[in-house]
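Novice: Handing you this structure, nothing more for now.
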Amino acid sequence: MDKFRIEGGVRLSGEVRVAGAKNAALPILTAGLLGCGPLSLANVPELRDVRTLCRLLEQMGARIEHPGPGALVVHPPVACDPEAPYDLVRTMRASVLVLGPLLARYGRARVALPGGCAIGERPVNLHVEGLRALGAEIAIEGGYIEATASRLRGARLVLETVTVTGTENLLMAACLAEGVTVIENAAREPEVVDLAGALTAMGARIGGAGTDTIEVEGVESLQGASWTVLPDRIEAGTFLVAAAITGGCVRVTNVVPGHLDALLAKLAEAGAAISAGADWIELEMRDRPRSVDLRTSPHPGFPTDMQAQFAALNCVAAGVGTVIETIFENRFMHMQELRRLGADIRIDGHTAVIHGVERLSGAPVMATDLRASAGLVLAGLVAEGVTEVQRVYHIDRGYERIEERLAALGARIERVAGDPY
């Protein structure tokens, strides 16, 4: 397995362009199953998860074209094999997003229960209950979700908890359902809004995306369309925290500043000087950062996908910061690895109390999930000596060549062949 070797202590400086959002690209790719014509996408990130989903769609009978960098065209299946096998689904939770489109367009689906990062339960019961309310017959047997439906029917769906993938699955299914579907307590993330935009370009009738109530008027069919995936707000945030933790000055481009309001507020509270334009944000940290308290919550709150990166910042900040994780119960595993670098962290349930230290010291650490990887890399950038971050295949799932782009900002980071275990 590859690993990153990082020599810390360099102040990052320069400009970096943000890639397309993984968490928008994946559901929009699955929406390609719904149309009667090709779905042409631009600004698609070149990531392991995107490649995995493309293989899954091809196995179902779709044809995928790659006309150029960041461009993909999904040609929907002529004859669909509506199965998502375990060997593909086990590596990526977003694979469950084929369930709604398969049921709505082809009337049946057999989808393995999903895998992905080991950060918590993330059950699919809300997906299943919602699709049942739309008229699907569903059983879970042998590790697979087995579902059939002649034609889905519109219904009022009240989600017990806010779920991004659940909202997206039900939104896509409702586009071809008969009648009107109302999804209440819907996720409000920008990626959900981007999916709704792509579906609307295909001919769907959707209102309320970006609010907690989405209304969908079902149509007989959807067509092909062209769509540009929105920029990745989590990648943008990661580069901004990289600048802050190293006392640097970095401008990120191809970004929507309004998508990062909660994060920018915390960075400003930590002492960063921030300026922004229509599609760029610049951050400079002139002094040692100050510790901040944060609590993760669904959008527009502080994103759970930025918790690990901000925990790393708190590790070297002046003062004491409290991090409360409310979304995923297992998302503190990186805290143990940060301790190996010299961080002073006390954990009580879903709360981590971090006493900032003057400096961290390089050491071997192991990534446990995608965003934990990013947090450990950021800590390595500021640690004295050499830090080796193992299992970086996690970070490859969500960041395009992050080591090359950090190196372009001045970081001393390289990818090396790791141990065979």
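Chains: A, B, ... in order of the structure tokens. Residues: from 1 per chain. Ligands: from 1, in order shown.
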Per residue of region 49-109 of chain A within 8 Å of region 130-153 of chain A, note the shortest atom pair and the distance in Å to one decimal, counting only C-alpha atoms, and order the rows by chain and increasing residue number, as JSON lines.
Specialist:
```
{"residue": "A:Gly100", "atom": "CA", "partner": "A:Leu131", "partner_atom": "CA", "distance": 7.5}
{"residue": "A:Leu103", "atom": "CA", "partner": "A:Ala149", "partner_atom": "CA", "distance": 6.3}
{"residue": "A:Ala104", "atom": "CA", "partner": "A:Leu152", "partner_atom": "CA", "distance": 6.4}
{"residue": "A:Gly107", "atom": "CA", "partner": "A:Ala149", "partner_atom": "CA", "distance": 4.9}
{"residue": "A:Arg108", "atom": "CA", "partner": "A:Thr148", "partner_atom": "CA", "distance": 4.2}
{"residue": "A:Ala109", "atom": "CA", "partner": "A:Ala147", "partner_atom": "CA", "distance": 5.2}
```
Novice: Please identify the helix (DSSP H, G or I) residues within region 180-256 of chain A (assignment by DSSP from backbone atoms) and present them as a list of chain:residue names.
Specialist: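 Across region 180-256 of chain A, those assigned helix (DSSP H, G or I) are A:Pro190, A:Glu191, A:Val192, A:Val193, A:Asp194, A:Leu195, A:Ala196, A:Gly197, A:Ala198, A:Leu199, A:Thr200, A:Ala201, A:Arg233, A:Ile234, A:Glu235, A:Ala236, A:Gly237, A:Thr238, A:Phe239, A:Leu240, A:Val241, A:Ala242, A:Ala243, A:Ala244, A:Ile245.
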Novice: Could you give me the residues within region 286-390 of chain A that DSSP places in strand (DSSP E or B), as a VMD selection string?
Specialist: chain A and resid 290 294 to 296 302 318 320 to 324 344 to 348 351 to 355 361 364 to 366 384 386 to 390
Novice: CA of Glu15 (chain A) to CA of Leu409 (chain A): how many Å, to one decimal?
Specialist: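 So the two atoms, CA of Glu15 (chain A) and CA of Leu409 (chain A), lie 7.1 Å apart.
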Novice: Could you work out how far CA of Val96 (chain A) lies from CA of Thr181 (chain A), giving the answer in Å with one decimal?
Specialist: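 Spanning CA of Thr181 (chain A) to CA of Val96 (chain A) is a straight-line distance of 20.5 Å.
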Novice: Just the residues within 6 Å of Arg290 (chain A), please, counting only C-alpha atoms, with nothing from its chain fewer than 5 positions along; format it as a PyMOL selection string.
Specialist: chain A and resi 270+317-318
Novice: Would you kindly return, as a PyMOL selection string, each protein, DNA or RNA residue with an atom no farther than 10 Å from any atom of Thr200 (chain A), considering only C-alpha atoms and excluding same-chain residues fewer than 4 positions away?
Specialist: chain A and resi 175+194-196+204-207+222-223+225
Novice: Arg17 (chain A): which residues within 8 Å, counting only C-alpha atoms, same-chain residues fewer than 3 positions away excluded, as a PyMOL selection string?
Specialist: chain A and resi 252-254
Novice: Find the residue from A:Ala383, A:Asp396, A:Arg286, A:Asn23 that sits nearest to Arg412 (chain A); use only C-alpha atoms when measuring.
Specialist: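 Distance minimum relative to Arg412 (chain A) lands on A:Ala383.
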Novice: For Leu39 (chain A), list every protein, DNA or RNA residue within 8 Å, evaluated using only C-alpha atoms, and leave out those in the same chain fewer than 2 positions away; present the list as a ChimeraX atom specification.
Specialist: /A:32,35,37,41,73-75,224-227
Novice: Name all residues at most 7 Å from Asn169 (chain A) (count only C-alpha atoms; drop same-chain ones fewer than 6 positions away) and give them as a list in words.
Specialist: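 Neighbouring residues, sequence-local ones excluded: Leu97, Leu99, Gly100 and His127 of chain A.
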Novice: Kindly export the residues of the current selection with C-alpha atoms, as a tab-separated table (two decimals), in the first residue's frame.
Specialist:
```
chain	number	residue	atom	x	y	z
A	97	LEU	CA	-27.56	5.44	-5.03
A	99	LEU	CA	-31.26	1.73	-6.07
A	100	GLY	CA	-33.73	4.55	-6.72
A	127	HIS	CA	-33.90	4.59	1.71
```
Novice: So which one's closest to Ala84 (chain A), A:Ala363, A:Cys54, A:Leu72, A:Arg105? Using only C-alpha atoms, please.
Specialist: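 Using only C-alpha atoms, Ala84 (chain A) sits closest to A:Cys54.
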Novice: Figure out the distance between CA of Ala311 (chain A) and CA of Arg401 (chain A), please, to one decimal in Å.
Specialist: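 We find that CA of Arg401 (chain A) and CA of Ala311 (chain A) lie 22.6 Å from each other.
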Novice: Restricting the calculation to only C-alpha atoms: of A:Gly208, A:Gly218, A:Gly203, A:Gly385, which residue gets closest to Ala186 (chain A)?
Specialist: A:Gly208
Novice: Mind running region 172-240 of chain A against region 368-375 of chain A at 10 Å and telling me each contacting residue's nearest atom pair with the distance in Å (one decimal), counting only C-alpha atoms, chain and number ascending, as CSV?
Specialist:
```
residue,atom,partner,partner_atom,distance
A:Ile234,CA,A:Arg371,CA,9.3
A:Glu235,CA,A:Ala374,CA,9.5
A:Thr238,CA,A:Ala374,CA,7.3
A:Phe239,CA,A:Ala374,CA,9.7
```
Novice: Go ahead and write the selection's residues with N, CA, C and O atoms as a short mmCIF file (atom, residue, chain, number, x, y, z; two decimals), in the first residue's frame.
Specialist:
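Output (selection.cif):
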```
data_model
loop_
_atom_site.label_atom_id
_atom_site.label_comp_id
_atom_site.auth_asym_id
_atom_site.auth_seq_id
_atom_site.Cartn_x
_atom_site.Cartn_y
_atom_site.Cartn_z
N ILE A 234 -15.51 20.56 0.32
CA ILE A 234 -14.68 19.90 1.33
C ILE A 234 -13.21 19.96 0.92
O ILE A 234 -12.33 20.20 1.76
N GLU A 235 -12.92 19.77 -0.35
CA GLU A 235 -11.55 19.92 -0.81
C GLU A 235 -11.08 21.36 -0.61
O GLU A 235 -9.96 21.60 -0.16
N THR A 238 -10.28 21.88 2.97
CA THR A 238 -9.05 21.19 3.37
C THR A 238 -7.82 22.01 3.01
O THR A 238 -6.89 22.15 3.82
N PHE A 239 -7.80 22.60 1.82
CA PHE A 239 -6.66 23.44 1.43
C PHE A 239 -6.60 24.71 2.28
O PHE A 239 -5.51 25.20 2.61
#
```
Novice: Of the residues A:Thr322, A:Thr246, A:Gln309, A:Asn43, which is the one nearest to Leu381 (chain A), using only C-alpha atoms?
Specialist: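 For Leu381 (chain A), the nearest of the given residues is A:Thr246.
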